[in-house]
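**Q** final.cif is reproduced below (mmCIF, C-alpha atoms and all ligand atoms).
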data_coords
loop_
_atom_site.group_PDB
_atom_site.id
_atom_site.type_symbol
_atom_site.label_atom_id
_atom_site.label_comp_id
_atom_site.auth_asym_id
_atom_site.auth_seq_id
_atom_site.Cartn_x
_atom_site.Cartn_y
_atom_site.Cartn_z
ATOM 1 C CA MET A 1 132.981 -41.748 -15.659
ATOM 2 C CA ILE A 2 131.176 -38.426 -16.113
ATOM 3 C CA ASP A 3 133.925 -37.332 -18.512
ATOM 4 C CA LEU A 4 133.451 -40.539 -20.466
ATOM 5 C CA LEU A 5 129.802 -39.594 -21.130
ATOM 6 C CA LYS A 6 130.445 -35.937 -21.794
ATOM 7 C CA THR A 7 128.886 -34.546 -24.952
ATOM 8 C CA GLU A 8 130.772 -31.712 -26.630
ATOM 9 C CA PRO A 9 129.527 -29.474 -29.421
ATOM 10 C CA ALA A 10 130.929 -30.182 -32.865
ATOM 11 C CA LYS A 11 130.502 -28.049 -35.965
ATOM 12 C CA VAL A 12 129.318 -29.537 -39.240
ATOM 13 C CA THR A 13 131.924 -28.434 -41.783
ATOM 14 C CA GLU A 14 130.884 -30.491 -44.798
ATOM 15 C CA VAL A 15 127.900 -32.517 -45.974
ATOM 16 C CA VAL A 16 128.427 -35.049 -48.762
ATOM 17 C CA ASP A 17 125.489 -36.653 -50.586
ATOM 18 C CA GLU A 18 126.767 -40.210 -50.956
ATOM 19 C CA ALA A 19 123.641 -41.960 -52.211
ATOM 20 C CA PRO A 20 119.864 -41.593 -51.965
ATOM 21 C CA GLY A 21 119.085 -41.402 -48.224
ATOM 22 C CA LEU A 22 122.721 -41.451 -47.239
ATOM 23 C CA LYS A 23 124.896 -38.471 -46.315
ATOM 24 C CA THR A 24 128.354 -38.123 -44.845
ATOM 25 C CA PHE A 25 128.785 -35.364 -42.269
ATOM 26 C CA VAL A 26 132.252 -34.046 -41.515
ATOM 27 C CA LEU A 27 132.309 -32.756 -37.941
ATOM 28 C CA GLU A 28 134.878 -30.535 -36.306
ATOM 29 C CA PRO A 29 135.157 -31.527 -32.645
ATOM 30 C CA ARG A 30 136.159 -28.928 -30.059
ATOM 31 C CA ALA A 31 139.511 -30.734 -29.709
ATOM 32 C CA PRO A 32 140.929 -33.286 -32.183
ATOM 33 C CA MET A 33 139.569 -36.738 -31.370
ATOM 34 C CA GLU A 34 142.019 -39.627 -31.379
ATOM 35 C CA PHE A 35 140.415 -42.841 -32.540
ATOM 36 C CA ASP A 36 141.239 -46.235 -33.993
ATOM 37 C CA PRO A 37 139.581 -47.883 -37.024
ATOM 38 C CA GLY A 38 136.346 -49.592 -35.953
ATOM 39 C CA GLN A 39 135.439 -47.220 -33.125
ATOM 40 C CA PHE A 40 132.152 -45.290 -33.018
ATOM 41 C CA VAL A 41 130.741 -42.005 -31.764
ATOM 42 C CA LEU A 42 127.339 -40.830 -30.532
ATOM 43 C CA VAL A 43 125.924 -37.855 -32.372
ATOM 44 C CA SER A 44 122.973 -35.904 -30.969
ATOM 45 C CA ARG A 45 120.594 -33.211 -32.056
ATOM 46 C CA HIS A 46 119.404 -31.391 -28.959
ATOM 47 C CA GLY A 47 115.855 -32.332 -28.000
ATOM 48 C CA VAL A 48 115.516 -34.941 -30.749
ATOM 49 C CA GLY A 49 117.789 -37.851 -29.996
ATOM 50 C CA GLU A 50 121.202 -39.436 -30.040
ATOM 51 C CA SER A 51 122.483 -42.117 -32.422
ATOM 52 C CA VAL A 52 125.502 -44.347 -32.757
ATOM 53 C CA PHE A 53 127.626 -44.045 -35.903
ATOM 54 C CA ALA A 54 130.847 -45.703 -36.979
ATOM 55 C CA ILE A 55 133.621 -43.169 -37.538
ATOM 56 C CA SER A 56 134.310 -43.270 -41.265
ATOM 57 C CA SER A 57 137.184 -40.792 -41.576
ATOM 58 C CA HIS A 58 140.972 -41.092 -41.565
ATOM 59 C CA PRO A 59 142.349 -42.043 -38.125
ATOM 60 C CA SER A 60 145.210 -39.577 -38.473
ATOM 61 C CA GLU A 61 142.786 -36.672 -39.005
ATOM 62 C CA GLY A 62 141.085 -36.408 -35.634
ATOM 63 C CA ALA A 63 140.181 -32.779 -36.265
ATOM 64 C CA ARG A 64 137.720 -33.956 -38.923
ATOM 65 C CA ILE A 65 135.419 -36.733 -37.747
ATOM 66 C CA ALA A 66 133.207 -38.110 -40.520
ATOM 67 C CA VAL A 67 130.044 -40.132 -39.980
ATOM 68 C CA SER A 68 127.959 -41.562 -42.817
ATOM 69 C CA VAL A 69 124.305 -41.506 -41.891
ATOM 70 C CA GLN A 70 121.490 -43.490 -43.467
ATOM 71 C CA ALA A 71 118.120 -41.816 -42.898
ATOM 72 C CA VAL A 72 116.049 -44.607 -41.373
ATOM 73 C CA GLY A 73 114.001 -42.979 -38.604
ATOM 74 C CA LYS A 74 113.187 -39.973 -36.495
ATOM 75 C CA HIS A 75 116.667 -38.867 -35.450
ATOM 76 C CA THR A 76 118.580 -39.748 -38.597
ATOM 77 C CA ASN A 77 115.997 -37.876 -40.717
ATOM 78 C CA VAL A 78 116.546 -34.771 -38.593
ATOM 79 C CA LEU A 79 120.328 -35.161 -38.936
ATOM 80 C CA HIS A 80 119.872 -35.216 -42.708
ATOM 81 C CA GLU A 81 118.545 -31.648 -42.516
ATOM 82 C CA LEU A 82 121.852 -30.373 -41.117
ATOM 83 C CA ASP A 83 123.782 -27.825 -43.148
ATOM 84 C CA PRO A 84 127.433 -26.792 -42.867
ATOM 85 C CA GLY A 85 127.878 -24.291 -40.030
ATOM 86 C CA GLU A 86 125.313 -25.944 -37.738
ATOM 87 C CA SER A 87 126.271 -27.828 -34.579
ATOM 88 C CA VAL A 88 125.590 -31.263 -33.124
ATOM 89 C CA GLY A 89 126.527 -32.968 -29.864
ATOM 90 C CA LEU A 90 129.362 -35.451 -30.131
ATOM 91 C CA ARG A 91 130.730 -37.974 -27.656
ATOM 92 C CA GLY A 92 133.263 -40.769 -27.948
ATOM 93 C CA PRO A 93 135.204 -42.412 -29.430
ATOM 94 C CA TYR A 94 133.961 -45.662 -27.931
ATOM 95 C CA GLY A 95 134.389 -49.374 -28.457
ATOM 96 C CA ASN A 96 137.286 -51.543 -29.492
ATOM 97 C CA SER A 97 138.995 -51.480 -32.880
ATOM 98 C CA PHE A 98 140.319 -53.722 -35.628
ATOM 99 C CA PRO A 99 143.699 -55.267 -34.651
ATOM 100 C CA ILE A 100 145.501 -54.044 -37.775
ATOM 101 C CA ASP A 101 148.971 -54.529 -36.257
ATOM 102 C CA GLU A 102 148.245 -58.253 -35.870
ATOM 103 C CA TRP A 103 147.610 -58.493 -39.616
ATOM 104 C CA ARG A 104 151.134 -57.404 -40.616
ATOM 105 C CA GLY A 105 152.690 -59.744 -43.186
ATOM 106 C CA LYS A 106 149.300 -61.119 -44.260
ATOM 107 C CA ARG A 107 146.948 -60.523 -47.156
ATOM 108 C CA VAL A 108 143.929 -58.557 -45.972
ATOM 109 C CA HIS A 109 140.593 -59.025 -47.746
ATOM 110 C CA VAL A 110 138.133 -56.240 -46.935
ATOM 111 C CA ILE A 111 134.535 -57.169 -47.795
ATOM 112 C CA GLY A 112 131.744 -54.603 -47.554
ATOM 113 C CA GLY A 113 128.129 -54.108 -48.488
ATOM 114 C CA GLY A 114 126.220 -50.817 -48.693
ATOM 115 C CA ILE A 115 126.698 -48.516 -45.714
ATOM 116 C CA GLY A 116 128.749 -51.323 -44.138
ATOM 117 C CA LEU A 117 131.738 -49.703 -45.841
ATOM 118 C CA ALA A 118 131.579 -46.845 -43.273
ATOM 119 C CA PRO A 119 133.433 -48.599 -40.399
ATOM 120 C CA LEU A 120 135.747 -50.202 -42.969
ATOM 121 C CA ARG A 121 136.873 -46.911 -44.553
ATOM 122 C CA PRO A 122 139.286 -46.036 -41.693
ATOM 123 C CA VAL A 123 140.605 -49.609 -41.937
ATOM 124 C CA ILE A 124 141.243 -49.148 -45.667
ATOM 125 C CA TYR A 125 142.944 -45.768 -45.076
ATOM 126 C CA SER A 126 145.235 -47.359 -42.460
ATOM 127 C CA LEU A 127 146.028 -50.386 -44.611
ATOM 128 C CA LEU A 128 146.849 -48.228 -47.626
ATOM 129 C CA ASP A 129 149.064 -45.921 -45.530
ATOM 130 C CA ARG A 130 151.074 -48.976 -44.486
ATOM 131 C CA LYS A 131 150.558 -51.140 -47.525
ATOM 132 C CA ASN A 132 154.161 -52.361 -47.664
ATOM 133 C CA GLU A 133 153.609 -54.086 -44.326
ATOM 134 C CA PHE A 134 151.004 -56.431 -45.825
ATOM 135 C CA GLU A 135 151.292 -59.233 -48.369
ATOM 136 C CA GLY A 136 148.449 -57.688 -50.355
ATOM 137 C CA LEU A 137 145.121 -55.901 -50.029
ATOM 138 C CA THR A 138 141.750 -56.726 -51.583
ATOM 139 C CA LEU A 139 138.437 -54.889 -51.458
ATOM 140 C CA VAL A 140 135.189 -56.567 -52.489
ATOM 141 C CA TYR A 141 132.384 -54.054 -52.190
ATOM 142 C CA GLY A 142 128.820 -54.086 -53.424
ATOM 143 C CA ALA A 143 125.431 -52.479 -53.198
ATOM 144 C CA ARG A 144 121.955 -53.280 -54.429
ATOM 145 C CA LEU A 145 122.165 -50.639 -57.183
ATOM 146 C CA PRO A 146 125.063 -48.627 -58.656
ATOM 147 C CA GLU A 147 123.721 -45.380 -57.141
ATOM 148 C CA LEU A 148 123.899 -46.943 -53.661
ATOM 149 C CA LEU A 149 127.673 -47.474 -53.778
ATOM 150 C CA VAL A 150 129.238 -45.018 -51.303
ATOM 151 C CA TYR A 151 132.550 -43.071 -51.364
ATOM 152 C CA LYS A 152 132.585 -43.331 -55.181
ATOM 153 C CA PRO A 153 135.641 -41.093 -55.871
ATOM 154 C CA GLU A 154 137.690 -43.077 -53.363
ATOM 155 C CA LEU A 155 136.606 -46.448 -54.730
ATOM 156 C CA GLU A 156 138.430 -45.333 -57.891
ATOM 157 C CA SER A 157 141.524 -43.944 -56.181
ATOM 158 C CA TRP A 158 141.927 -47.022 -53.938
ATOM 159 C CA LYS A 159 142.496 -49.092 -57.100
ATOM 160 C CA SER A 160 146.083 -47.843 -57.190
ATOM 161 C CA GLY A 161 146.866 -49.518 -53.850
ATOM 162 C CA MET A 162 144.612 -52.545 -53.637
ATOM 163 C CA ASP A 163 142.671 -55.015 -55.800
ATOM 164 C CA VAL A 164 139.212 -53.450 -55.911
ATOM 165 C CA HIS A 165 136.212 -55.516 -57.044
ATOM 166 C CA LEU A 166 132.892 -53.659 -57.201
ATOM 167 C CA THR A 167 129.566 -55.335 -57.739
ATOM 168 C CA VAL A 168 125.859 -54.533 -57.778
ATOM 169 C CA ASP A 169 122.820 -56.789 -57.361
ATOM 170 C CA GLU A 170 121.120 -55.138 -60.330
ATOM 171 C CA ALA A 171 122.915 -53.405 -63.228
ATOM 172 C CA THR A 172 121.013 -50.163 -63.775
ATOM 173 C CA ASN A 173 122.207 -46.735 -65.024
ATOM 174 C CA GLY A 174 124.639 -48.169 -67.570
ATOM 175 C CA TRP A 175 126.615 -50.242 -65.054
ATOM 176 C CA THR A 176 129.113 -52.459 -66.921
ATOM 177 C CA GLY A 177 130.926 -53.977 -63.938
ATOM 178 C CA LYS A 178 130.284 -57.143 -61.974
ATOM 179 C CA VAL A 179 126.718 -58.169 -61.163
ATOM 180 C CA GLY A 180 125.953 -60.418 -58.211
ATOM 181 C CA VAL A 181 125.680 -60.286 -54.445
ATOM 182 C CA VAL A 182 128.907 -59.785 -52.505
ATOM 183 C CA PRO A 183 129.157 -63.373 -51.132
ATOM 184 C CA LYS A 184 128.875 -64.728 -54.702
ATOM 185 C CA ILE A 185 131.725 -62.476 -55.859
ATOM 186 C CA VAL A 186 133.820 -63.634 -52.874
ATOM 187 C CA THR A 187 133.236 -67.216 -54.071
ATOM 188 C CA ASP A 188 133.902 -66.384 -57.745
ATOM 189 C CA LEU A 189 137.167 -64.599 -56.880
ATOM 190 C CA LYS A 190 138.312 -67.650 -54.863
ATOM 191 C CA LEU A 191 139.820 -65.390 -52.194
ATOM 192 C CA ALA A 192 142.736 -67.364 -50.785
ATOM 193 C CA PRO A 193 142.737 -68.147 -47.049
ATOM 194 C CA SER A 194 146.452 -68.894 -46.858
ATOM 195 C CA ASN A 195 148.255 -66.296 -44.699
ATOM 196 C CA ALA A 196 145.181 -64.048 -44.924
ATOM 197 C CA VAL A 197 142.500 -62.395 -42.849
ATOM 198 C CA ALA A 198 139.074 -61.200 -43.986
ATOM 199 C CA VAL A 199 137.114 -58.279 -42.586
ATOM 200 C CA ILE A 200 133.418 -58.227 -43.407
ATOM 201 C CA CYS A 201 130.706 -55.654 -42.713
ATOM 202 C CA GLY A 202 127.331 -55.012 -44.278
ATOM 203 C CA PRO A 203 123.689 -55.946 -43.866
ATOM 204 C CA PRO A 204 123.187 -59.017 -41.607
ATOM 205 C CA VAL A 205 122.225 -61.232 -44.561
ATOM 206 C CA MET A 206 125.432 -60.287 -46.384
ATOM 207 C CA ILE A 207 127.542 -61.016 -43.328
ATOM 208 C CA ARG A 208 125.813 -64.390 -42.854
ATOM 209 C CA PHE A 209 126.308 -65.553 -46.449
ATOM 210 C CA GLY A 210 129.724 -63.873 -46.743
ATOM 211 C CA HIS A 211 130.814 -65.826 -43.680
ATOM 212 C CA ILE A 212 129.580 -69.071 -45.280
ATOM 213 C CA ALA A 213 131.366 -68.222 -48.564
ATOM 214 C CA LEU A 214 134.635 -67.567 -46.710
ATOM 215 C CA LYS A 215 134.319 -70.803 -44.714
ATOM 216 C CA ASP A 216 133.693 -72.735 -47.957
ATOM 217 C CA LEU A 217 136.921 -71.248 -49.339
ATOM 218 C CA GLY A 218 138.789 -72.587 -46.308
ATOM 219 C CA PHE A 219 138.886 -69.541 -44.000
ATOM 220 C CA LYS A 220 138.717 -70.363 -40.296
ATOM 221 C CA ASP A 221 136.588 -68.256 -37.944
ATOM 222 C CA GLU A 222 139.828 -67.038 -36.333
ATOM 223 C CA GLN A 223 140.713 -65.371 -39.669
ATOM 224 C CA ILE A 224 137.436 -63.468 -40.077
ATOM 225 C CA TYR A 225 136.562 -60.161 -38.365
ATOM 226 C CA THR A 226 133.333 -58.224 -38.340
ATOM 227 C CA THR A 227 131.692 -55.347 -36.519
ATOM 228 C CA LEU A 228 128.275 -55.731 -34.894
ATOM 229 C CA GLU A 229 125.436 -53.246 -34.997
ATOM 230 C CA MET A 230 123.216 -53.730 -32.016
ATOM 231 C CA ARG A 231 120.870 -51.263 -30.371
ATOM 232 C CA MET A 232 122.873 -49.460 -27.687
ATOM 233 C CA LYS A 233 122.346 -46.349 -25.606
ATOM 234 C CA CYS A 234 125.173 -45.272 -23.299
ATOM 235 C CA GLY A 235 128.065 -46.572 -25.441
ATOM 236 C CA VAL A 236 130.273 -47.298 -22.428
ATOM 237 C CA GLY A 237 128.909 -50.487 -20.842
ATOM 238 C CA LEU A 238 126.759 -48.836 -18.174
ATOM 239 C CA CYS A 239 123.142 -49.130 -19.274
ATOM 240 C CA GLY A 240 123.131 -52.831 -20.207
ATOM 241 C CA ARG A 241 121.108 -52.259 -23.397
ATOM 242 C CA CYS A 242 123.599 -54.169 -25.567
ATOM 243 C CA ASN A 243 124.616 -56.741 -23.010
ATOM 244 C CA VAL A 244 125.048 -60.345 -24.213
ATOM 245 C CA ASP A 245 126.208 -62.848 -21.576
ATOM 246 C CA HIS A 246 128.867 -61.085 -19.568
ATOM 247 C CA ARG A 247 129.828 -58.794 -22.432
ATOM 248 C CA TYR A 248 128.695 -55.444 -23.737
ATOM 249 C CA ILE A 249 128.748 -54.976 -27.511
ATOM 250 C CA CYS A 250 129.524 -51.260 -27.022
ATOM 251 C CA LYS A 251 132.540 -51.847 -24.785
ATOM 252 C CA ASP A 252 133.862 -55.318 -25.627
ATOM 253 C CA GLY A 253 132.944 -54.746 -29.299
ATOM 254 C CA PRO A 254 131.716 -53.704 -31.750
ATOM 255 C CA VAL A 255 134.642 -55.483 -33.475
ATOM 256 C CA PHE A 256 134.712 -59.253 -33.021
ATOM 257 C CA ARG A 257 136.444 -62.234 -34.578
ATOM 258 C CA MET A 258 133.904 -64.770 -35.825
ATOM 259 C CA ASP A 259 135.021 -67.375 -33.273
ATOM 260 C CA GLU A 260 134.250 -64.852 -30.508
ATOM 261 C CA ILE A 261 130.782 -64.204 -31.918
ATOM 262 C CA ASP A 262 129.902 -67.902 -31.878
ATOM 263 C CA SER A 263 130.596 -67.838 -28.165
ATOM 264 C CA LEU A 264 128.384 -64.735 -27.739
ATOM 265 C CA GLY A 265 125.300 -66.782 -28.533
HETATM 266 C C1 LIG B 1 128.076 -49.781 -33.458
HETATM 267 C C2 LIG B 1 127.059 -49.155 -34.379
HETATM 268 C C3 LIG B 1 127.482 -48.464 -35.499
HETATM 269 C C4 LIG B 1 126.547 -47.871 -36.360
HETATM 270 N N1 LIG B 1 127.012 -47.193 -37.426
HETATM 271 C C5 LIG B 1 126.147 -46.613 -38.271
HETATM 272 C C6 LIG B 1 126.631 -45.871 -39.394
HETATM 273 O O1 LIG B 1 127.849 -45.736 -39.623
HETATM 274 N N2 LIG B 1 125.711 -45.289 -40.201
HETATM 275 C C7 LIG B 1 124.352 -45.401 -39.982
HETATM 276 O O2 LIG B 1 123.563 -44.858 -40.762
HETATM 277 N N3 LIG B 1 123.874 -46.103 -38.937
HETATM 278 C C8 LIG B 1 124.728 -46.701 -38.066
HETATM 279 N N4 LIG B 1 124.240 -47.376 -36.973
HETATM 280 C C9 LIG B 1 122.765 -47.467 -36.781
HETATM 281 C C10 LIG B 1 122.225 -46.158 -36.220
HETATM 282 O O3 LIG B 1 122.655 -45.985 -34.884
HETATM 283 C C11 LIG B 1 120.691 -46.178 -36.264
HETATM 284 O O4 LIG B 1 120.256 -46.300 -37.601
HETATM 285 C C12 LIG B 1 120.091 -44.885 -35.697
HETATM 286 O O5 LIG B 1 120.307 -44.796 -34.313
HETATM 287 C C13 LIG B 1 118.575 -44.857 -35.956
HETATM 288 O O6 LIG B 1 118.019 -43.736 -35.277
HETATM 289 P P1 LIG B 1 116.600 -43.136 -35.704
HETATM 290 O O7 LIG B 1 116.023 -42.386 -34.540
HETATM 291 O O8 LIG B 1 116.725 -42.379 -36.981
HETATM 292 O O9 LIG B 1 115.765 -44.428 -36.029
HETATM 293 P P2 LIG B 1 114.650 -45.137 -35.144
HETATM 294 O O10 LIG B 1 113.381 -44.373 -35.341
HETATM 295 O O11 LIG B 1 115.134 -45.395 -33.752
HETATM 296 O O12 LIG B 1 114.602 -46.539 -35.900
HETATM 297 C C14 LIG B 1 114.335 -46.619 -37.309
HETATM 298 C C15 LIG B 1 114.649 -48.026 -37.792
HETATM 299 O O13 LIG B 1 116.061 -48.323 -37.650
HETATM 300 C C16 LIG B 1 116.253 -49.491 -36.844
HETATM 301 N N5 LIG B 1 117.415 -49.275 -35.954
HETATM 302 C C17 LIG B 1 117.569 -48.294 -35.052
HETATM 303 N N6 LIG B 1 118.743 -48.430 -34.409
HETATM 304 C C18 LIG B 1 119.345 -49.526 -34.916
HETATM 305 C C19 LIG B 1 120.569 -50.206 -34.667
HETATM 306 N N7 LIG B 1 121.441 -49.804 -33.736
HETATM 307 N N8 LIG B 1 120.851 -51.304 -35.392
HETATM 308 C C20 LIG B 1 119.992 -51.745 -36.318
HETATM 309 N N9 LIG B 1 118.813 -51.158 -36.611
HETATM 310 C C21 LIG B 1 118.491 -50.069 -35.916
HETATM 311 C C22 LIG B 1 114.963 -49.606 -36.045
HETATM 312 O O14 LIG B 1 114.732 -50.947 -35.648
HETATM 313 C C23 LIG B 1 113.927 -49.122 -37.011
HETATM 314 O O15 LIG B 1 113.571 -50.121 -37.924
HETATM 315 C C24 LIG B 1 125.148 -47.976 -36.092
HETATM 316 C C25 LIG B 1 124.713 -48.658 -34.946
HETATM 317 C C26 LIG B 1 125.658 -49.234 -34.097
HETATM 318 C C27 LIG B 1 125.182 -49.929 -32.868
#
Once more with this new file: its structure as C-alpha cells, please.
**A**
Amino acid sequence: MIDLLKTEPAKVTEVVDEAPGLKTFVLEPRAPMEFDPGQFVLVSRHGVGESVFAISSHPSEGARIAVSVQAVGKHTNVLHELDPGESVGLRGPYGNSFPIDEWRGKRVHVIGGGIGLAPLRPVIYSLLDRKNEFEGLTLVYGARLPELLVYKPELESWKSGMDVHLTVDEATNGWTGKVGVVPKIVTDLKLAPSNAVAVICGPPVMIRFGHIALKDLGFKDEQIYTTLEMRMKCGVGLCGRCNVDHRYICKDGPVFRMDEIDSLG
C-alpha cells in the first residue's frame, strides 16, 4: 500500500499555453508510467499542495505524462509558475479507464467541453491509432469562446481521422465556425445511437444537458460514458473523501457509464 501512495519526482520538460488560465505541463517521470485512457495522477508542489489531474497525453508514451491545468486556486496557481527544468511530485496512475476494447465495431462519439477534453485526449489518441476497428469516430467539442478551445493544433490534425465539429458559445475573434452550446450541436447533428457509444466530459451543466440531448436522440444510459470530478485526496480508496455508497470515485471511477451513475445517487 505504501508503494501505491509513493510520490516520485518528475521533471517538467515542456509548458504549453493552451488558453488563458490553462497550461499543459509535460512531465518526465523517473520511470515510464503505464496508464490507460481515463486514469489520473496526483501532482504536488512541495509545501504547497497536491492536486488531481486527468492524464492528457498519449497512452503509449509513458515517458511523457501530460496534465492540463486550469488555474483555479492556491495550488494550481503555483503550478502555473512552473518552468521547464523544475520538478514536481507525481504519483499514480490511479482510477479505472474507458473500456475502449468493448467499443470495437461501433461508432464512437466523443463529446467534450472546455478543459473536459483533457481526459478525452488519450481516448482520442487510442481511437485514432486503431481507427479501422471502429465503425466511425466523431468529435463534438466546444468552449465558451474561441480562445478557450484547447489542443488547437491537434483539433485540426484529428480532422483527417474523425468527423470533428467545433463550436463556441460566443463567436469572437473572427470565429466563422459553429456557434451554440455543445448539447445543442449534438442535437443539431442528430448523432445516431444505432451501434454507437458516446463519451462525454465537460462542465457539470454541459454533461447534464448533453446527457439529455443524447437520450432525446435515442441513446440509452448503457451507451453513454463519462468521467466524474469529485474532490478526492488519497486517490486510492483509503481516505473516504470521495466515497459514495459503497464506492469510491477515485478507485471505482472516475469513469462511469450513465446507468452506473444513476445508481450512485
Ligand atoms: C478525477 C479528477 C480529474 C481532474 N482533472 C483535472 C484536469 O485535468 N485539469 C484541471 O485543471 N483540473 C482537474 N481536476 C480538478 C483539480 O484537481 C482541482 O481544480 C485542483 O485540485 C484545485 O486545487 P487548488 O488548490 O488550485 O484549488 P482550491 O483552492 O482547492 O479550490 C479552488 C476552486 O476549485 C474548486 N475545486 C477544487 N477541487 C475541485 C475538484 N476536485 N472538483 C471540482 N472543483 C474543485 C473549489 O471548490 C474552489 O472553487 C480534476 C479533479 C478530479 C477529481
**Q** Expressed in Å to a single decimal, how great is the separation between atom CA of Ser194 of chain A and atom CA of Leu217 of chain A?
**A**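 Computing the Euclidean distance for atom CA of Ser194 of chain A and atom CA of Leu217 of chain A yields 10.1 Å.
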**Q** Could you pull the residues within 9 Å of segment 94-99 of chain A, counting all atoms listed in the file, minus those fewer than 2 positions along the same chain, as number ranges by chain?
**A** A: 35-42, 91-92, 101-103, 123, 199, 225-227, 235-236, 249-256
**Q** When the PyMOL selection byres (((not hetatm)) within 9 of (chain B and resi 1)) is applied to the file above, which residues end up in the set, as a PyMOL selection string?
**A** chain A and resi 22-24+38-42+48-56+67-79+95+115-119+227-233+235+242+249-250+253-255
**Q** Go ahead and dump the residues you just picked, C-alpha atoms, as an mmCIF file, in the frame of the given file.
**A**
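Produced file result32.cif, reproduced below:
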data_model
loop_
_atom_site.group_PDB
_atom_site.id
_atom_site.type_symbol
_atom_site.label_atom_id
_atom_site.label_comp_id
_atom_site.auth_asym_id
_atom_site.auth_seq_id
_atom_site.Cartn_x
_atom_site.Cartn_y
_atom_site.Cartn_z
ATOM 1 C CA LEU A 22 122.721 -41.451 -47.239
ATOM 2 C CA LYS A 23 124.896 -38.471 -46.315
ATOM 3 C CA THR A 24 128.354 -38.123 -44.845
ATOM 4 C CA GLY A 38 136.346 -49.592 -35.953
ATOM 5 C CA GLN A 39 135.439 -47.220 -33.125
ATOM 6 C CA PHE A 40 132.152 -45.290 -33.018
ATOM 7 C CA VAL A 41 130.741 -42.005 -31.764
ATOM 8 C CA LEU A 42 127.339 -40.830 -30.532
ATOM 9 C CA VAL A 48 115.516 -34.941 -30.749
ATOM 10 C CA GLY A 49 117.789 -37.851 -29.996
ATOM 11 C CA GLU A 50 121.202 -39.436 -30.040
ATOM 12 C CA SER A 51 122.483 -42.117 -32.422
ATOM 13 C CA VAL A 52 125.502 -44.347 -32.757
ATOM 14 C CA PHE A 53 127.626 -44.045 -35.903
ATOM 15 C CA ALA A 54 130.847 -45.703 -36.979
ATOM 16 C CA ILE A 55 133.621 -43.169 -37.538
ATOM 17 C CA SER A 56 134.310 -43.270 -41.265
ATOM 18 C CA VAL A 67 130.044 -40.132 -39.980
ATOM 19 C CA SER A 68 127.959 -41.562 -42.817
ATOM 20 C CA VAL A 69 124.305 -41.506 -41.891
ATOM 21 C CA GLN A 70 121.490 -43.490 -43.467
ATOM 22 C CA ALA A 71 118.120 -41.816 -42.898
ATOM 23 C CA VAL A 72 116.049 -44.607 -41.373
ATOM 24 C CA GLY A 73 114.001 -42.979 -38.604
ATOM 25 C CA LYS A 74 113.187 -39.973 -36.495
ATOM 26 C CA HIS A 75 116.667 -38.867 -35.450
ATOM 27 C CA THR A 76 118.580 -39.748 -38.597
ATOM 28 C CA ASN A 77 115.997 -37.876 -40.717
ATOM 29 C CA VAL A 78 116.546 -34.771 -38.593
ATOM 30 C CA LEU A 79 120.328 -35.161 -38.936
ATOM 31 C CA GLY A 95 134.389 -49.374 -28.457
ATOM 32 C CA ILE A 115 126.698 -48.516 -45.714
ATOM 33 C CA GLY A 116 128.749 -51.323 -44.138
ATOM 34 C CA LEU A 117 131.738 -49.703 -45.841
ATOM 35 C CA ALA A 118 131.579 -46.845 -43.273
ATOM 36 C CA PRO A 119 133.433 -48.599 -40.399
ATOM 37 C CA THR A 227 131.692 -55.347 -36.519
ATOM 38 C CA LEU A 228 128.275 -55.731 -34.894
ATOM 39 C CA GLU A 229 125.436 -53.246 -34.997
ATOM 40 C CA MET A 230 123.216 -53.730 -32.016
ATOM 41 C CA ARG A 231 120.870 -51.263 -30.371
ATOM 42 C CA MET A 232 122.873 -49.460 -27.687
ATOM 43 C CA LYS A 233 122.346 -46.349 -25.606
ATOM 44 C CA GLY A 235 128.065 -46.572 -25.441
ATOM 45 C CA CYS A 242 123.599 -54.169 -25.567
ATOM 46 C CA ILE A 249 128.748 -54.976 -27.511
ATOM 47 C CA CYS A 250 129.524 -51.260 -27.022
ATOM 48 C CA GLY A 253 132.944 -54.746 -29.299
ATOM 49 C CA PRO A 254 131.716 -53.704 -31.750
ATOM 50 C CA VAL A 255 134.642 -55.483 -33.475
#
**Q** Report as an MDAnalysis selection string the full result of the PyMOL selection byres (((chain A and resi 149-165) around 10) and not hetatm) when it is applied to this structure.
**A** chainID A and resid 16:20 22:24 68 108:111 113:118 121 124:125 127:129 131:132 136:148 166:168 177:178 182 185:186 189
**Q** Determine the residue membership of the PyMOL selection byres (((chain A and resi 204-209) around 9) and not hetatm) for the file above and supply it as a ChimeraX atom specification.
**A** /A:112-113,181-184,200-203,210-214,226
**Q** Please identify all polymer residues within 12 Å of segment 7-15 of chain A, counting all atoms listed in the file, omitting same-chain residues fewer than 5 positions from it, and present them as a short mmCIF file (atom, residue, chain, number, x, y, z; two decimals) with C-alpha atoms, keeping the file's coordinate frame.
**A**
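See selection-v6.cif below for the written result:
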data_model
loop_
_atom_site.label_atom_id
_atom_site.label_comp_id
_atom_site.auth_asym_id
_atom_site.auth_seq_id
_atom_site.Cartn_x
_atom_site.Cartn_y
_atom_site.Cartn_z
CA ILE A 2 131.18 -38.43 -16.11
CA LEU A 22 122.72 -41.45 -47.24
CA LYS A 23 124.90 -38.47 -46.32
CA THR A 24 128.35 -38.12 -44.84
CA PHE A 25 128.78 -35.36 -42.27
CA VAL A 26 132.25 -34.05 -41.52
CA LEU A 27 132.31 -32.76 -37.94
CA GLU A 28 134.88 -30.54 -36.31
CA PRO A 29 135.16 -31.53 -32.65
CA ARG A 30 136.16 -28.93 -30.06
CA ALA A 31 139.51 -30.73 -29.71
CA PRO A 32 140.93 -33.29 -32.18
CA MET A 33 139.57 -36.74 -31.37
CA VAL A 41 130.74 -42.00 -31.76
CA LEU A 42 127.34 -40.83 -30.53
CA VAL A 43 125.92 -37.85 -32.37
CA SER A 44 122.97 -35.90 -30.97
CA ARG A 45 120.59 -33.21 -32.06
CA HIS A 46 119.40 -31.39 -28.96
CA GLU A 50 121.20 -39.44 -30.04
CA ALA A 63 140.18 -32.78 -36.26
CA ARG A 64 137.72 -33.96 -38.92
CA ILE A 65 135.42 -36.73 -37.75
CA ALA A 66 133.21 -38.11 -40.52
CA VAL A 67 130.04 -40.13 -39.98
CA SER A 68 127.96 -41.56 -42.82
CA VAL A 69 124.30 -41.51 -41.89
CA LEU A 79 120.33 -35.16 -38.94
CA HIS A 80 119.87 -35.22 -42.71
CA GLU A 81 118.54 -31.65 -42.52
CA LEU A 82 121.85 -30.37 -41.12
CA ASP A 83 123.78 -27.82 -43.15
CA PRO A 84 127.43 -26.79 -42.87
CA GLY A 85 127.88 -24.29 -40.03
CA GLU A 86 125.31 -25.94 -37.74
CA SER A 87 126.27 -27.83 -34.58
CA VAL A 88 125.59 -31.26 -33.12
CA GLY A 89 126.53 -32.97 -29.86
CA LEU A 90 129.36 -35.45 -30.13
CA ARG A 91 130.73 -37.97 -27.66
CA GLY A 92 133.26 -40.77 -27.95
CA PRO A 93 135.20 -42.41 -29.43
CA CYS A 234 125.17 -45.27 -23.30
#
